[in-house]
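The data block below is input-v1.txt; it holds compact mmCIF, C-alpha atoms.
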# COMPACT_ATOMS: atom_id res chain seq x y z
CA MET A 1 28.76 10.59 11.82
CA SER A 2 26.00 12.94 12.65
CA ALA A 3 22.45 12.17 11.69
CA THR A 4 20.55 14.11 9.04
CA PRO A 5 16.88 15.05 8.90
CA GLN A 6 16.60 13.06 5.68
CA GLU A 7 17.99 9.94 7.36
CA LEU A 8 15.53 10.26 10.24
CA LYS A 9 12.62 10.82 7.88
CA GLU A 10 13.47 7.73 5.85
CA ARG A 11 13.95 5.55 8.88
CA ILE A 12 10.66 6.59 10.48
CA GLU A 13 8.79 6.07 7.21
CA ALA A 14 10.39 2.64 6.87
CA GLY A 15 9.71 1.76 10.51
CA ILE A 16 6.10 2.91 10.70
CA PRO A 17 4.14 1.66 7.70
CA GLY A 18 2.02 4.28 6.00
CA SER A 19 3.60 7.17 7.86
CA VAL A 20 4.17 10.59 6.38
CA VAL A 21 7.07 12.32 8.05
CA GLU A 22 8.62 15.77 8.09
CA VAL A 23 11.90 16.17 9.93
CA THR A 24 13.89 19.32 10.57
CA GLY A 25 17.06 19.55 12.59
CA ASP A 26 20.67 20.57 12.88
CA GLY A 27 22.35 17.18 13.21
CA HIS A 28 21.81 16.97 16.97
CA HIS A 29 18.37 18.37 17.76
CA PHE A 30 15.56 17.20 15.55
CA ASN A 31 11.90 17.92 15.25
CA ALA A 32 9.69 15.27 13.65
CA VAL A 33 6.09 15.63 12.62
CA VAL A 34 4.75 12.15 12.02
CA SER A 35 1.37 11.32 10.60
CA ALA A 36 0.49 7.64 10.71
CA PRO A 37 -2.67 5.52 10.73
CA ALA A 38 -0.89 3.28 13.26
CA PHE A 39 -1.37 5.96 15.93
CA ALA A 40 -5.14 5.54 15.94
CA GLY A 41 -6.36 4.24 19.29
CA LEU A 42 -3.01 4.80 21.03
CA ASN A 43 -2.43 7.38 23.72
CA ARG A 44 0.28 9.97 23.22
CA ILE A 45 2.88 8.03 25.16
CA ALA A 46 2.36 4.97 23.00
CA GLN A 47 2.39 7.06 19.81
CA HIS A 48 5.69 8.68 20.71
CA ARG A 49 7.16 5.32 21.73
CA LEU A 50 6.46 3.96 18.25
CA VAL A 51 8.64 6.75 16.87
CA TYR A 52 11.36 6.47 19.51
CA ASP A 53 11.49 2.71 19.00
CA VAL A 54 12.69 3.25 15.43
CA PHE A 55 15.94 4.61 16.84
CA GLY A 56 16.39 2.66 20.06
CA ALA A 57 19.41 3.74 22.07
CA GLU A 58 20.44 6.29 19.45
CA VAL A 59 17.97 8.74 20.97
CA GLY A 60 19.80 10.67 23.63
CA ASP A 61 23.12 9.58 22.15
CA ARG A 62 23.82 10.02 18.44
CA ILE A 63 20.45 11.73 18.08
CA HIS A 64 20.81 14.13 20.95
CA ALA A 65 17.20 15.25 21.06
CA LEU A 66 14.16 14.24 19.07
CA SER A 67 11.07 16.33 19.49
CA ILE A 68 7.96 14.58 18.19
CA GLN A 69 4.54 15.68 17.11
CA THR A 70 2.19 12.87 16.18
CA ILE A 71 -0.85 13.17 13.97
CA ILE A 72 -3.57 10.65 13.22
CA PRO A 73 -4.43 11.28 9.60
CA SER A 74 -8.08 11.97 8.95
CA PRO A 75 -9.67 9.98 6.19
CA THR A 76 -9.29 11.54 2.79
CA PRO A 77 -12.50 13.00 1.32
CA GLU A 78 -12.67 9.91 -0.91
CA GLU A 79 -12.61 7.55 2.05
CA ALA A 80 -14.97 9.65 4.10
CA ARG A 81 -17.69 9.53 1.53
CA MET B 82 14.68 -14.12 40.57
CA SER B 83 16.29 -14.76 43.92
CA ASP B 84 19.78 -14.24 42.58
CA GLN B 85 18.88 -11.00 40.82
CA PRO B 86 21.32 -8.40 42.09
CA SER B 87 19.75 -5.67 44.16
CA ASN B 88 19.57 -2.37 42.42
CA PRO B 89 19.36 0.43 44.98
CA MET B 90 19.28 3.15 42.32
CA ARG B 91 16.32 1.60 40.55
CA ASP B 92 14.55 1.03 43.85
CA ALA B 93 15.11 4.64 44.89
CA ILE B 94 13.71 5.95 41.60
CA GLN B 95 10.69 3.68 41.78
CA GLU B 96 10.07 4.78 45.34
CA ALA B 97 10.30 8.45 44.38
CA ILE B 98 7.82 7.92 41.54
CA GLY B 99 5.48 6.09 43.88
CA GLU B 100 5.66 8.54 46.75
CA ASN B 101 5.34 11.84 44.91
CA PRO B 102 1.99 12.58 43.29
CA VAL B 103 3.73 14.78 40.71
CA ILE B 104 7.41 14.30 40.00
CA LEU B 105 9.61 15.64 37.25
CA PHE B 106 12.93 14.09 36.30
CA MET B 107 14.92 16.82 34.62
CA LYS B 108 18.34 18.18 33.77
CA GLY B 109 19.26 20.71 36.42
CA ASN B 110 16.75 21.89 38.98
CA PRO B 111 13.65 24.07 38.69
CA ASP B 112 15.61 27.19 39.62
CA ALA B 113 18.38 26.41 37.17
CA PRO B 114 17.27 24.05 34.41
CA ALA B 115 20.23 22.78 32.39
CA CYS B 116 18.36 22.08 29.16
CA GLY B 117 15.75 23.93 27.15
CA PHE B 118 13.27 21.06 27.26
CA SER B 119 13.51 20.79 31.03
CA ALA B 120 13.21 24.57 31.31
CA ARG B 121 10.06 24.64 29.23
CA THR B 122 8.44 21.83 31.19
CA VAL B 123 9.23 23.52 34.50
CA ALA B 124 7.89 26.83 33.19
CA ILE B 125 4.59 25.19 32.23
CA LEU B 126 4.17 23.50 35.61
CA GLN B 127 5.07 26.68 37.48
CA SER B 128 2.72 28.79 35.37
CA MET B 129 -0.10 26.44 36.39
CA GLY B 130 0.80 26.72 40.05
CA ALA B 131 1.44 22.97 40.14
CA ARG B 132 3.30 21.52 43.10
CA PHE B 133 5.85 19.01 41.97
CA ALA B 134 8.91 17.18 43.15
CA ALA B 135 11.96 17.47 40.92
CA VAL B 136 14.94 15.20 40.48
CA ASP B 137 18.10 16.34 38.72
CA ILE B 138 19.36 13.40 36.66
CA LEU B 139 22.72 14.96 35.83
CA PRO B 140 24.78 14.22 38.95
CA ASP B 141 24.88 10.48 38.28
CA PRO B 142 24.49 8.88 34.82
CA ARG B 143 22.92 5.82 36.44
CA ILE B 144 19.83 7.87 37.33
CA ARG B 145 18.97 8.40 33.70
CA GLN B 146 19.88 4.85 32.77
CA GLU B 147 17.64 3.32 35.43
CA LEU B 148 14.86 5.84 34.91
CA SER B 149 14.66 5.08 31.19
CA ALA B 150 14.72 1.36 31.94
CA ILE B 151 11.76 1.78 34.28
CA SER B 152 9.76 4.12 32.08
CA ASN B 153 10.71 2.74 28.67
CA TRP B 154 11.16 6.36 27.60
CA PRO B 155 14.47 7.55 26.20
CA THR B 156 14.49 11.30 26.76
CA ILE B 157 14.56 13.81 29.59
CA PRO B 158 12.51 15.44 31.07
CA GLN B 159 9.94 12.88 32.21
CA LEU B 160 6.84 13.86 34.11
CA PHE B 161 5.04 11.32 36.29
CA VAL B 162 1.64 11.88 37.85
CA GLY B 163 0.21 9.33 40.24
CA GLY B 164 3.00 6.92 39.37
CA GLU B 165 2.25 7.05 35.63
CA LEU B 166 4.48 8.49 32.95
CA ILE B 167 2.68 11.43 31.36
CA GLY B 168 5.43 12.29 28.89
CA GLY B 169 8.25 14.62 28.12
CA CYS B 170 8.36 18.21 27.00
CA ASP B 171 6.42 17.68 23.76
CA ILE B 172 3.51 15.86 25.36
CA VAL B 173 3.38 18.15 28.39
CA SER B 174 3.32 21.17 26.05
CA GLU B 175 0.55 19.67 23.93
CA MET B 176 -1.52 18.78 26.98
CA TYR B 177 -1.02 22.22 28.45
CA GLU B 178 -2.13 23.89 25.25
CA SER B 179 -5.20 21.67 24.96
CA GLY B 180 -6.08 22.18 28.63
CA GLU B 181 -5.85 18.45 29.43
CA LEU B 182 -2.91 18.97 31.74
CA PHE B 183 -5.06 20.86 34.23
CA GLU B 184 -7.30 17.83 34.58
CA THR B 185 -4.36 15.45 34.79
CA LEU B 186 -2.84 17.48 37.59
CA GLY B 187 -6.15 18.11 39.31
CA ILE B 188 -5.75 21.85 38.99
CA LYS B 189 -8.69 24.08 38.26
CA ALA B 190 -8.16 25.58 34.82
CA PRO B 191 -8.19 29.36 34.71
CA VAL B 192 -11.50 30.79 33.64
CA ALA B 193 -11.46 30.41 29.90
CA GLU B 194 -11.84 33.46 27.81
CA PRO B 195 -15.21 33.57 26.13
CA GLU B 196 -15.20 31.23 23.19
CA PRO B 197 -15.09 33.17 20.00
CA VAL B 198 -18.40 32.69 18.29
CA ALA B 199 -18.01 30.35 15.39
CA ALA B 200 -17.72 32.35 12.21
CA THR B 201 -20.45 30.42 10.46
CA THR B 202 -23.05 31.16 13.10
CA ALA B 203 -21.95 34.69 13.93
CA ARG B 204 -24.35 37.36 12.94
CA PRO B 205 -23.21 40.80 12.00
CA ALA B 206 -23.33 43.19 14.88
CA PRO B 207 -26.71 44.86 15.05
CA LEU B 208 -26.58 48.17 13.32
CA SER B 209 -28.92 49.81 15.77
CA ILE B 210 -26.21 50.62 18.28
CA GLU B 211 -26.53 54.23 19.21
CA ASN B 212 -23.33 56.02 18.52
CA ARG B 213 -24.29 59.43 17.46
CA LEU B 214 -22.50 61.59 19.93
Would you mind giving the structure from this file in structure tokens?
Amino acid sequence: MSATPQELKERIEAGIPGSVVEVTGDGHHFNAVVSAPAFAGLNRIAQHRLVYDVFGAEVGDRIHALSIQTIIPSPTPEEAR
Amino acid sequence: MSDQPSNPMRDAIQEAIGENPVILFMKGNPDAPACGFSARTVAILQSMGARFAAVDILPDPRIRQELSAISNWPTIPQLFVGGELIGGCDIVSEMYESGELFETLGIKAPVAEPEPVAATTARPAPLSIENRL
């Protein structure tokens, strides 16, 4: 069964606590924009690995391609005060 | 450890990563990339005038298998600089756009266009410019 953007979104959000995820895709190629506090202090490789790790060996197989953009959320105006 | 089977493929990949300052594992070759992500990564490196070794992972599925085991990175392409995984197409693109990739590759960045003056500090152009012809 092919994967859906909604499935990927839910799995990333479940796998990375506090993440906010947008996923687009056609069932084979997906594009994920992931914002998560957990990325803070990690380099890009480590950030992307956190996302890839949610899917393990499915990436490259059932999920043919997963393009990732990671974002470290900035504090909300409330928190920044 | 002594009875660990030898793994010539893994050894060859590790050697290639160690011996080439910049090496790209990709689908196809730089003249004929076989995947859009590999094509984009090659195009970025070429546009920077970077010298890089390239390995086509397609001829033997074990290449990809062993490469991903070494790098702990599931997708192709994979760019290594100085023996370190830099990333795939997404990260290379981001680093190119931010200018970081020039530093990583030890390439002089092209002379940047003059920074646009920040809107908040910009003053209106002086009105005294002579233009009365």
| query | Quick one: distance from CA of Val21 in chain A to CA of Phe55 in chain A in Å, one decimal? | reply | 14.7 Å
| request: May I ask you to extract the residues of chain A within 10 Å of chain B, using all atoms listed in the file, and to give them as a list in words? | output: Arg44, Ile45, Ala46, His48, Arg49, Tyr52, Asp53, Phe55, Gly56, Ala57, Glu58, Val59, Gly60, Asp61, His64, Ala65, Leu66, Ser67, Ile68, Gln69 and Thr70 of chain A
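Taking CA of Val54 in chain A as the reference point, CA of Ile104 in chain B is found at 27.5 Å.
Counting all atoms listed in the file, the residue from B:Met90, B:Val192, B:Leu126, B:Val136 that sits nearest to Met107 in chain B is B:Val136.
If all atoms listed in the file are the atoms counted, then among A:Ser74, A:Val20, A:Leu50, A:Ala32 the closest residue to Leu8 in chain A is A:Ala32.
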